[in-house]
file input.pdb (PDB, C-alpha atoms)
ATOM      1  CA  MET I   1       0.335  -3.179 223.616
ATOM      2  CA  ILE I   2      -2.960  -1.707 222.428
ATOM      3  CA  SER I   3      -6.083  -1.703 224.603
ATOM      4  CA  TYR I   4      -9.492  -1.861 222.930
ATOM      5  CA  SER I   5     -11.665  -2.316 226.035
ATOM      6  CA  ARG I   6     -13.061   0.620 227.998
ATOM      7  CA  ASN I   7     -12.012  -0.591 231.435
ATOM      8  CA  PHE I   8      -8.639  -1.979 230.287
ATOM      9  CA  GLU I   9      -9.740  -5.583 230.782
ATOM     10  CA  ASP I  10      -7.647  -6.607 227.801
ATOM     11  CA  VAL I  11      -4.511  -5.100 229.347
ATOM     12  CA  ILE I  12      -4.830  -7.521 232.258
ATOM     13  CA  LEU I  13      -5.538 -10.386 229.850
ATOM     14  CA  GLN I  14      -2.595  -9.554 227.591
ATOM     15  CA  ARG I  15      -0.365  -9.450 230.659
ATOM     16  CA  VAL I  16      -1.601 -12.776 232.024
ATOM     17  CA  PHE I  17      -1.441 -14.532 228.644
ATOM     18  CA  ALA I  18       1.778 -12.936 227.413
ATOM     19  CA  ASP I  19       3.365 -16.341 226.833
ATOM     20  CA  VAL I  20       0.356 -17.877 225.033
ATOM     21  CA  ALA I  21       0.685 -17.129 221.334
ATOM     22  CA  ASP I  22      -2.343 -18.935 219.929
ATOM     23  CA  GLY I  23      -4.884 -19.334 222.709
ATOM     24  CA  CYS I  24      -8.568 -20.159 222.535
ATOM     25  CA  PHE I  25     -11.494 -18.172 223.971
ATOM     26  CA  LEU I  26     -15.259 -18.004 224.336
ATOM     27  CA  ASP I  27     -16.687 -14.478 224.268
ATOM     28  CA  VAL I  28     -20.254 -14.470 225.629
ATOM     29  CA  GLY I  29     -22.255 -11.295 224.994
ATOM     30  CA  ALA I  30     -19.414 -10.282 222.705
ATOM     31  CA  SER I  31     -21.118  -7.206 221.189
ATOM     32  CA  MET I  32     -18.880  -5.452 218.639
ATOM     33  CA  PRO I  33     -15.801  -7.166 217.205
ATOM     34  CA  VAL I  34     -13.280  -4.380 217.848
ATOM     35  CA  GLY I  35     -14.408  -1.440 219.975
ATOM     36  CA  ASP I  36     -14.813  -2.292 223.660
ATOM     37  CA  SER I  37     -13.851  -5.912 222.986
ATOM     38  CA  ASN I  38     -11.978  -7.915 225.616
ATOM     39  CA  THR I  39     -10.701 -10.355 223.004
ATOM     40  CA  TYR I  40      -9.748  -8.310 219.921
ATOM     41  CA  ALA I  41      -6.184  -7.656 221.107
ATOM     42  CA  LEU I  42      -5.787 -11.403 221.645
ATOM     43  CA  TYR I  43      -7.242 -12.072 218.186
ATOM     44  CA  GLN I  44      -4.596  -9.809 216.677
ATOM     45  CA  LYS I  45      -1.977 -11.784 218.570
ATOM     46  CA  GLY I  46      -3.129 -15.034 216.968
ATOM     47  CA  TRP I  47      -5.862 -16.263 219.297
ATOM     48  CA  ARG I  48      -9.094 -17.684 217.881
ATOM     49  CA  GLY I  49     -12.420 -18.546 219.432
ATOM     50  CA  VAL I  50     -16.194 -18.393 219.407
ATOM     51  CA  ALA I  51     -18.153 -15.170 219.908
ATOM     52  CA  MET I  52     -21.798 -15.345 221.006
ATOM     53  CA  GLU I  53     -24.048 -12.298 220.665
ATOM     54  CA  PRO I  54     -27.866 -12.177 220.370
ATOM     55  CA  LEU I  55     -27.876  -8.926 218.372
ATOM     56  CA  PRO I  56     -27.353  -9.290 214.586
ATOM     57  CA  TYR I  57     -23.692  -8.339 214.278
ATOM     58  CA  ARG I  58     -22.581 -11.239 212.069
ATOM     59  CA  GLN I  59     -21.497  -9.104 209.111
ATOM     60  CA  LEU I  60     -19.391  -6.863 211.342
ATOM     61  CA  TRP I  61     -17.657  -9.864 212.900
ATOM     62  CA  GLU I  62     -17.067 -11.608 209.611
ATOM     63  CA  ALA I  63     -15.517  -8.429 208.195
ATOM     64  CA  ALA I  64     -13.276  -7.628 211.188
ATOM     65  CA  ARG I  65     -12.542 -11.109 212.548
ATOM     66  CA  PRO I  66     -13.093 -13.673 209.793
ATOM     67  CA  GLU I  67     -11.178 -16.428 211.590
ATOM     68  CA  ASP I  68     -13.447 -16.391 214.648
ATOM     69  CA  VAL I  69     -16.753 -18.240 214.797
ATOM     70  CA  PHE I  70     -19.678 -15.877 215.361
ATOM     71  CA  LEU I  71     -22.951 -17.279 216.697
ATOM     72  CA  ASN I  72     -26.016 -15.032 216.667
ATOM     73  CA  VAL I  73     -27.409 -16.572 219.870
ATOM     74  CA  ALA I  74     -28.068 -16.002 223.542
ATOM     75  CA  VAL I  75     -26.409 -18.278 226.097
ATOM     76  CA  GLY I  76     -28.099 -19.862 229.105
ATOM     77  CA  GLU I  77     -28.439 -22.993 231.194
ATOM     78  CA  LYS I  78     -30.383 -24.938 228.549
ATOM     79  CA  THR I  79     -31.052 -24.845 224.825
ATOM     80  CA  GLY I  80     -34.199 -23.223 223.502
ATOM     81  CA  SER I  81     -35.093 -19.609 222.846
ATOM     82  CA  LEU I  82     -34.986 -16.320 224.718
ATOM     83  CA  THR I  83     -37.054 -13.143 224.515
ATOM     84  CA  LEU I  84     -34.508 -10.352 224.153
ATOM     85  CA  GLN I  85     -35.459  -6.802 225.123
ATOM     86  CA  VAL I  86     -33.723  -4.528 222.621
ATOM     87  CA  TYR I  87     -32.871  -0.880 223.314
ATOM     88  CA  ASP I  88     -32.203   0.731 219.952
ATOM     89  CA  ASP I  89     -30.642   3.856 221.475
ATOM     90  CA  MET I  90     -28.211   1.831 223.611
ATOM     91  CA  HIS I  91     -27.742  -1.667 222.247
ATOM     92  CA  GLN I  92     -25.265  -2.730 224.915
ATOM     93  CA  ILE I  93     -27.968  -2.823 227.614
ATOM     94  CA  SER I  94     -30.258  -5.153 225.640
ATOM     95  CA  ASN I  95     -31.115  -8.075 227.873
ATOM     96  CA  GLY I  96     -33.179 -11.197 228.394
ATOM     97  CA  VAL I  97     -33.851 -10.951 232.116
ATOM     98  CA  PRO I  98     -37.072  -9.439 233.507
ATOM     99  CA  GLU I  99     -35.193  -8.133 236.555
ATOM    100  CA  THR I 100     -32.742  -6.275 234.329
ATOM    101  CA  ALA I 101     -35.531  -4.829 232.181
ATOM    102  CA  ASP I 102     -37.316  -3.688 235.357
ATOM    103  CA  HIS I 103     -34.090  -2.122 236.607
ATOM    104  CA  TRP I 104     -33.744  -0.065 233.439
ATOM    105  CA  GLU I 105     -37.406   0.938 233.474
ATOM    106  CA  ARG I 106     -36.967   2.261 237.018
ATOM    107  CA  ASN I 107     -34.086   4.295 235.618
ATOM    108  CA  GLY I 108     -36.153   5.776 232.817
ATOM    109  CA  ARG I 109     -35.373   3.430 229.953
ATOM    110  CA  LYS I 110     -37.861   1.201 228.169
ATOM    111  CA  PRO I 111     -37.025  -1.321 225.455
ATOM    112  CA  SER I 112     -37.727  -0.362 221.857
ATOM    113  CA  ARG I 113     -38.867  -3.857 220.935
ATOM    114  CA  SER I 114     -38.473  -7.504 221.812
ATOM    115  CA  VAL I 115     -37.199 -10.328 219.597
ATOM    116  CA  GLU I 116     -36.967 -14.092 219.979
ATOM    117  CA  VAL I 117     -33.415 -15.426 219.672
ATOM    118  CA  PRO I 118     -32.077 -18.986 219.882
ATOM    119  CA  MET I 119     -30.349 -19.947 223.118
ATOM    120  CA  VAL I 120     -27.491 -22.419 223.557
ATOM    121  CA  THR I 121     -25.299 -23.593 226.428
ATOM    122  CA  LEU I 122     -21.546 -23.228 226.682
ATOM    123  CA  ASP I 123     -21.217 -27.003 226.974
ATOM    124  CA  GLN I 124     -22.989 -27.308 223.620
ATOM    125  CA  VAL I 125     -20.777 -24.665 221.990
ATOM    126  CA  ILE I 126     -17.582 -26.284 223.267
ATOM    127  CA  ALA I 127     -18.670 -29.735 222.096
ATOM    128  CA  GLU I 128     -19.521 -28.463 218.619
ATOM    129  CA  TYR I 129     -16.784 -25.929 217.921
ATOM    130  CA  LEU I 130     -13.871 -26.552 220.316
ATOM    131  CA  PRO I 131     -14.012 -30.274 221.142
ATOM    132  CA  ASP I 132     -10.267 -30.905 221.122
ATOM    133  CA  LEU I 133      -8.806 -27.486 221.897
ATOM    134  CA  PRO I 134      -7.483 -26.197 225.230
ATOM    135  CA  LEU I 135      -9.700 -23.405 226.518
ATOM    136  CA  HIS I 136      -7.790 -20.457 227.943
ATOM    137  CA  LEU I 137     -10.387 -17.753 228.494
ATOM    138  CA  ILE I 138     -14.118 -17.191 228.877
ATOM    139  CA  CYS I 139     -15.483 -13.632 228.950
ATOM    140  CA  ILE I 140     -19.127 -13.188 230.015
ATOM    141  CA  ASP I 141     -21.045  -9.916 229.686
ATOM    142  CA  VAL I 142     -24.745 -10.770 229.647
ATOM    143  CA  GLU I 143     -26.624  -8.038 231.528
ATOM    144  CA  GLY I 144     -27.822 -10.105 234.479
ATOM    145  CA  MET I 145     -27.779 -13.616 232.975
ATOM    146  CA  GLU I 146     -24.414 -14.624 234.453
ATOM    147  CA  HIS I 147     -25.921 -17.287 236.714
ATOM    148  CA  GLN I 148     -27.765 -18.956 233.838
ATOM    149  CA  VAL I 149     -24.673 -18.930 231.625
ATOM    150  CA  LEU I 150     -22.535 -20.577 234.300
ATOM    151  CA  LYS I 151     -25.184 -23.236 234.931
ATOM    152  CA  GLY I 152     -24.754 -24.305 231.316
ATOM    153  CA  LEU I 153     -21.009 -24.882 231.734
ATOM    154  CA  ASP I 154     -19.480 -28.016 233.240
ATOM    155  CA  LEU I 155     -16.379 -26.677 234.968
ATOM    156  CA  LYS I 156     -15.260 -30.162 235.879
ATOM    157  CA  ALA I 157     -15.051 -31.182 232.225
ATOM    158  CA  HIS I 158     -13.902 -27.795 230.852
ATOM    159  CA  ARG I 159     -11.157 -25.869 232.621
ATOM    160  CA  PRO I 160     -10.603 -22.393 231.169
ATOM    161  CA  TRP I 161      -7.555 -20.789 232.729
ATOM    162  CA  VAL I 162      -9.387 -17.511 233.358
ATOM    163  CA  VAL I 163     -13.076 -16.593 233.559
ATOM    164  CA  VAL I 164     -14.041 -12.898 233.404
ATOM    165  CA  LEU I 165     -17.580 -11.819 234.279
ATOM    166  CA  GLU I 166     -19.250  -8.430 234.492
ATOM    167  CA  ALA I 167     -20.177  -8.402 238.157
ATOM    168  CA  THR I 168     -22.216  -5.293 238.937
ATOM    169  CA  VAL I 169     -25.838  -4.298 238.488
ATOM    170  CA  PRO I 170     -26.076  -3.079 234.856
ATOM    171  CA  GLY I 171     -25.168   0.571 234.593
ATOM    172  CA  SER I 172     -23.969   0.858 238.203
ATOM    173  CA  ALA I 173     -21.160  -0.022 240.612
ATOM    174  CA  VAL I 174     -23.447  -2.094 242.860
ATOM    175  CA  PRO I 175     -22.052  -5.644 243.147
ATOM    176  CA  MET I 176     -24.242  -8.559 242.037
ATOM    177  CA  HIS I 177     -21.857 -11.525 242.035
ATOM    178  CA  GLN I 178     -23.097 -13.125 245.219
ATOM    179  CA  ALA I 179     -25.612 -15.428 243.515
ATOM    180  CA  TRP I 180     -23.304 -16.967 240.922
ATOM    181  CA  GLU I 181     -19.794 -16.719 242.417
ATOM    182  CA  PRO I 182     -20.172 -19.982 244.440
ATOM    183  CA  LEU I 183     -20.476 -21.904 241.164
ATOM    184  CA  LEU I 184     -16.910 -20.856 240.358
ATOM    185  CA  LEU I 185     -15.427 -21.136 243.847
ATOM    186  CA  GLU I 186     -16.828 -24.642 244.318
ATOM    187  CA  ARG I 187     -15.238 -25.741 241.051
ATOM    188  CA  GLY I 188     -11.731 -24.684 241.987
ATOM    189  CA  TYR I 189     -11.561 -21.072 240.843
ATOM    190  CA  THR I 190     -10.115 -18.170 242.841
ATOM    191  CA  MET I 191     -11.254 -14.561 242.510
ATOM    192  CA  SER I 192      -7.975 -12.917 241.533
ATOM    193  CA  TYR I 193      -8.846  -9.389 240.421
ATOM    194  CA  PHE I 194     -11.728  -6.906 240.491
ATOM    195  CA  ASP I 195     -11.566  -3.793 238.315
ATOM    196  CA  GLY I 196     -14.719  -2.099 239.604
ATOM    197  CA  LEU I 197     -16.844  -3.735 236.908
ATOM    198  CA  ASN I 198     -15.511  -7.229 236.210
ATOM    199  CA  ARG I 199     -14.315 -10.063 238.424
ATOM    200  CA  PHE I 200     -11.472 -12.234 237.131
ATOM    201  CA  TYR I 201     -11.320 -15.870 238.277
ATOM    202  CA  LEU I 202      -8.254 -18.069 237.949
ATOM    203  CA  ALA I 203      -8.275 -21.874 237.867
ATOM    204  CA  GLN I 204      -6.448 -23.281 240.877
ATOM    205  CA  GLU I 205      -4.239 -25.417 238.642
ATOM    206  CA  ARG I 206      -2.992 -22.140 237.084
ATOM    207  CA  ARG I 207      -2.153 -20.494 240.405
ATOM    208  CA  ASN I 208       1.358 -19.793 239.113
ATOM    209  CA  LEU I 209      -0.250 -16.859 237.250
ATOM    210  CA  GLU I 210      -1.764 -15.322 240.382
ATOM    211  CA  GLY I 211       0.921 -12.668 240.739
ATOM    212  CA  LEU I 212       0.093 -11.232 237.327
ATOM    213  CA  PHE I 213      -3.242 -10.011 238.705
ATOM    214  CA  ALA I 214      -1.637  -8.131 241.591
ATOM    215  CA  LEU I 215      -1.639  -4.666 240.000
ATOM    216  CA  PRO I 216      -4.129  -2.728 237.895
ATOM    217  CA  PRO I 217      -3.147  -1.690 234.352
ATOM    218  CA  ASN I 218      -0.260   0.713 234.734
ATOM    219  CA  ILE I 219       2.698   2.348 233.044
ATOM    220  CA  TRP I 220       4.761  -0.847 233.195
ATOM    221  CA  ASP I 221       2.291  -2.596 230.919
ATOM    222  CA  GLY I 222       3.390  -0.206 228.192
ATOM    223  CA  PHE I 223      -0.047   0.114 226.632
ATOM    224  CA  VAL I 224      -1.832   2.747 224.593
ATOM    225  CA  THR I 225      -5.532   2.920 223.862
ATOM    226  CA  ALA I 226      -6.951   2.197 220.449
ATOM    227  CA  ARG I 227      -8.319   5.738 220.448
ATOM    228  CA  GLU I 228      -4.805   7.129 220.871
ATOM    229  CA  VAL I 229      -3.609   5.043 217.936
ATOM    230  CA  GLU I 230      -6.490   6.338 215.784
ATOM    231  CA  MET I 231      -5.756   9.937 216.762
ATOM    232  CA  GLN I 232      -2.052   9.588 215.968
ATOM    233  CA  ALA I 233      -2.921   8.126 212.576
ATOM    234  CA  GLU I 234      -5.293  11.016 211.916
ATOM    235  CA  ILE I 235      -2.624  13.527 212.960
ATOM    236  CA  GLY I 236      -0.241  11.860 210.517
ATOM    237  CA  ARG I 237      -2.777  12.169 207.683
ATOM    238  CA  LEU I 238      -3.426  15.834 208.493
ATOM    239  CA  GLU I 239       0.294  16.632 208.663
ATOM    240  CA  ALA I 240       0.794  14.982 205.276
ATOM    241  CA  LYS I 241      -2.080  17.013 203.859
ATOM    242  CA  ILE I 242      -0.630  20.249 205.279
ATOM    243  CA  ALA I 243       2.758  19.397 203.781
ATOM    244  CA  GLN I 244       1.122  18.872 200.356
ATOM    245  CA  LEU I 245      -0.690  22.205 200.597
ATOM    246  CA  GLN I 246       2.488  24.007 201.674
ATOM    247  CA  ALA I 247       4.379  22.470 198.768
ATOM    248  CA  LYS I 248       1.827  23.917 196.353
TER
END

call {"tool": "encode", "arguments": {"input": "input.pdb", "output": "structure tokens"}}
result
Amino acid sequence: MISYSRNFEDVILQRVFADVADGCFLDVGASMPVGDSNTYALYQKGWRGVAMEPLPYRQLWEAARPEDVFLNVAVGEKTGSLTLQVYDDMHQISNGVPETADHWERNGRKPSRSVEVPMVTLDQVIAEYLPDLPLHLICIDVEGMEHQVLKGLDLKAHRPWVVVLEATVPGSAVPMHQAWEPLLLERGYTMSYFDGLNRFYLAQERRNLEGLFALPPNIWDGFVTAREVEMQAEIGRLEAKIAQLQAK
């Protein structure tokens, strides 16, 4: 098992979905297609889905994950447009929420520029791209827009097995799930795991999977990080080069 996400979110997800060979996901605020992705390991396993990201990463996604749908959009509670504050020196904190922008300004960071991006709802995305497919996973990383994203999703009509949301104030360990968590609890989801950054919610009808969230990523998961794999490959190339030089 290879982990591509910084906080080992994908180790938990690979464990929980070990028996699902060709699942379906929505990745909201997906950012890059490989590094720090919660869904790339699942993509390699055979999963396919829709990635939504307001920054212009289409070419990167089409090169690395051509069988996924990439939408260069923001996601909210209604369709329209969103003013995105872009931080060129740290793209991952770009956001569309005044409170989040104020938070970063108090911490010494100001946006480089702002851009208008189209905004869609998850209900709209599901209806257009996944109308007849079972939905296994939704990952949401939207820098303070979690509440708006969830308001655009009918959890009575659509029942993802697992919903993962970044649940702390951006750039800190301070929890901020209190406003939006009731939307999940009231629709039959149980908070099953917290990794210090993300909260994992499990649909009640999938409670047979609850035990798989009991432990953090550990030695029994048998995983290595993508960085380790890259380093081993580089070591192999260097050893081959040394062998060639020695042979000469």

call {"tool": "resolve_selection", "arguments": {"input": "input.pdb", "expression": "the PyMOL selection byres ((chain I and resi 130) around 12)", "output": "ChimeraX atom specification"}}
result
/I:23-26,48-50,68-69,122-129,131-136,158

call {"tool": "resolve_selection", "arguments": {"input": "input.pdb", "expression": "the PyMOL selection byres ((chain I and resi 66) around 12)", "output": "list in words"}}
result
Pro33, Tyr40, Tyr43, Gln44, Arg48, Gly49, Val50, Ala51, Arg58, Gln59, Leu60, Trp61, Glu62, Ala63, Ala64, Arg65, Glu67, Asp68, Val69 and Phe70 of chain I

call {"tool": "residues_near_point", "arguments": {"input": "input.pdb", "point": "(-32.2, -20.6, 223.3)", "cutoff": "7 Å", "atoms": "all atoms listed in the file", "output": "PyMOL selection string"}}
result
chain I and resi 74-75+79-82+117-120

call {"tool": "closest_residue", "arguments": {"input": "input.pdb", "among": "I:Asn38, I:Gln85, I:Thr100, I:Ser112", "to": "Ser3 of chain I", "atoms": "all atoms listed in the file"}}
result
I:Asn38

call {"tool": "atom_distance", "arguments": {"input": "input.pdb", "atom1": "atom CA of Ala173 of chain I", "atom2": "atom CA of Phe200 of chain I"}}
result
16.0 Å

call {"tool": "closest_residue", "arguments": {"input": "input.pdb", "among": "I:His177, I:Arg113, I:His147, I:Arg237", "to": "Arg199 of chain I", "atoms": "only C-alpha atoms"}}
result
I:His177

call {"tool": "closest_residue", "arguments": {"input": "input.pdb", "among": "I:Val142, I:Leu137, I:Val97, I:Met1", "to": "Trp161 of chain I", "atoms": "all atoms listed in the file"}}
result
I:Leu137

call {"tool": "residues_around", "arguments": {"input": "input.pdb", "residues": "segment 86-94 of chain I", "least_positions_apart": "5", "cutoff": "8 Å", "atoms": "all atoms listed in the file", "output": "PyMOL selection string"}}
result
chain I and resi 31+110-115+143+170

call {"tool": "atom_distance", "arguments": {"input": "input.pdb", "atom1": "atom CA of Pro217 of chain I", "atom2": "atom CA of Ser192 of chain I"}}
result
14.2 Å

call {"tool": "atom_distance", "arguments": {"input": "input.pdb", "atom1": "atom CA of Tyr57 of chain I", "atom2": "atom CA of Asp141 of chain I"}}
result
15.7 Å

call {"tool": "decode", "arguments": {"input": "input.pdb", "residues": "segment 109-131 of chain I", "atoms": "N, CA and C atoms", "output": "mmCIF file, in the first residue's frame"}}
result
data_model
loop_
_atom_site.group_PDB
_atom_site.id
_atom_site.type_symbol
_atom_site.label_atom_id
_atom_site.label_comp_id
_atom_site.auth_asym_id
_atom_site.auth_seq_id
_atom_site.Cartn_x
_atom_site.Cartn_y
_atom_site.Cartn_z
ATOM 1 N N ARG I 109 -0.555 36.937 6.034
ATOM 2 C CA ARG I 109 -0.598 36.567 4.627
ATOM 3 C C ARG I 109 -1.730 37.299 3.928
ATOM 4 N N LYS I 110 -1.416 37.922 2.805
ATOM 5 C CA LYS I 110 -2.431 38.587 2.001
ATOM 6 C C LYS I 110 -2.494 37.920 0.627
ATOM 7 N N PRO I 111 -3.687 37.868 0.043
ATOM 8 C CA PRO I 111 -3.798 37.236 -1.276
ATOM 9 C C PRO I 111 -3.029 38.008 -2.335
ATOM 10 N N SER I 112 -2.537 37.284 -3.329
ATOM 11 C CA SER I 112 -1.820 37.904 -4.439
ATOM 12 C C SER I 112 -2.781 38.560 -5.416
ATOM 13 N N ARG I 113 -3.964 37.956 -5.555
ATOM 14 C CA ARG I 113 -4.942 38.439 -6.520
ATOM 15 C C ARG I 113 -6.267 37.747 -6.244
ATOM 16 N N SER I 114 -7.298 38.192 -6.891
ATOM 17 C CA SER I 114 -8.589 37.524 -6.804
ATOM 18 C C SER I 114 -9.090 37.229 -8.212
ATOM 19 N N VAL I 115 -9.796 36.115 -8.364
ATOM 20 C CA VAL I 115 -10.343 35.717 -9.662
ATOM 21 C C VAL I 115 -11.778 35.251 -9.461
ATOM 22 N N GLU I 116 -12.598 35.432 -10.484
ATOM 23 C CA GLU I 116 -13.961 34.919 -10.465
ATOM 24 C C GLU I 116 -13.961 33.511 -11.070
ATOM 25 N N VAL I 117 -14.558 32.569 -10.344
ATOM 26 C CA VAL I 117 -14.639 31.193 -10.834
ATOM 27 C C VAL I 117 -16.095 30.736 -10.785
ATOM 28 N N PRO I 118 -16.499 29.848 -11.684
ATOM 29 C CA PRO I 118 -17.864 29.326 -11.628
ATOM 30 C C PRO I 118 -18.060 28.458 -10.390
ATOM 31 N N MET I 119 -19.275 28.428 -9.887
ATOM 32 C CA MET I 119 -19.590 27.629 -8.709
ATOM 33 C C MET I 119 -20.759 26.702 -9.017
ATOM 34 N N VAL I 120 -20.639 25.453 -8.590
ATOM 35 C CA VAL I 120 -21.670 24.445 -8.799
ATOM 36 C C VAL I 120 -22.025 23.816 -7.452
ATOM 37 N N THR I 121 -23.067 23.002 -7.441
ATOM 38 C CA THR I 121 -23.415 22.238 -6.246
ATOM 39 C C THR I 121 -23.078 20.772 -6.480
ATOM 40 N N LEU I 122 -22.926 20.036 -5.395
ATOM 41 C CA LEU I 122 -22.660 18.605 -5.531
ATOM 42 C C LEU I 122 -23.857 17.882 -6.132
ATOM 43 N N ASP I 123 -25.064 18.319 -5.799
ATOM 44 C CA ASP I 123 -26.245 17.705 -6.413
ATOM 45 C C ASP I 123 -26.185 17.838 -7.934
ATOM 46 N N GLN I 124 -25.776 19.006 -8.411
ATOM 47 C CA GLN I 124 -25.672 19.243 -9.846
ATOM 48 C C GLN I 124 -24.606 18.339 -10.468
ATOM 49 N N VAL I 125 -23.464 18.221 -9.819
ATOM 50 C CA VAL I 125 -22.374 17.394 -10.340
ATOM 51 C C VAL I 125 -22.793 15.930 -10.404
ATOM 52 N N ILE I 126 -23.437 15.448 -9.347
ATOM 53 C CA ILE I 126 -23.883 14.051 -9.335
ATOM 54 C C ILE I 126 -24.889 13.797 -10.444
ATOM 55 N N ALA I 127 -25.852 14.702 -10.603
ATOM 56 C CA ALA I 127 -26.876 14.529 -11.634
ATOM 57 C C ALA I 127 -26.270 14.501 -13.031
ATOM 58 N N GLU I 128 -25.238 15.297 -13.259
ATOM 59 C CA GLU I 128 -24.665 15.398 -14.598
ATOM 60 C C GLU I 128 -23.642 14.326 -14.901
ATOM 61 N N TYR I 129 -22.828 13.937 -13.901
ATOM 62 C CA TYR I 129 -21.703 13.061 -14.194
ATOM 63 C C TYR I 129 -21.828 11.660 -13.589
ATOM 64 N N LEU I 130 -22.596 11.507 -12.524
ATOM 65 C CA LEU I 130 -22.682 10.205 -11.849
ATOM 66 C C LEU I 130 -24.140 9.814 -11.589
ATOM 67 N N PRO I 131 -25.027 9.979 -12.555
ATOM 68 C CA PRO I 131 -26.454 9.803 -12.256
ATOM 69 C C PRO I 131 -26.841 8.391 -11.857
#
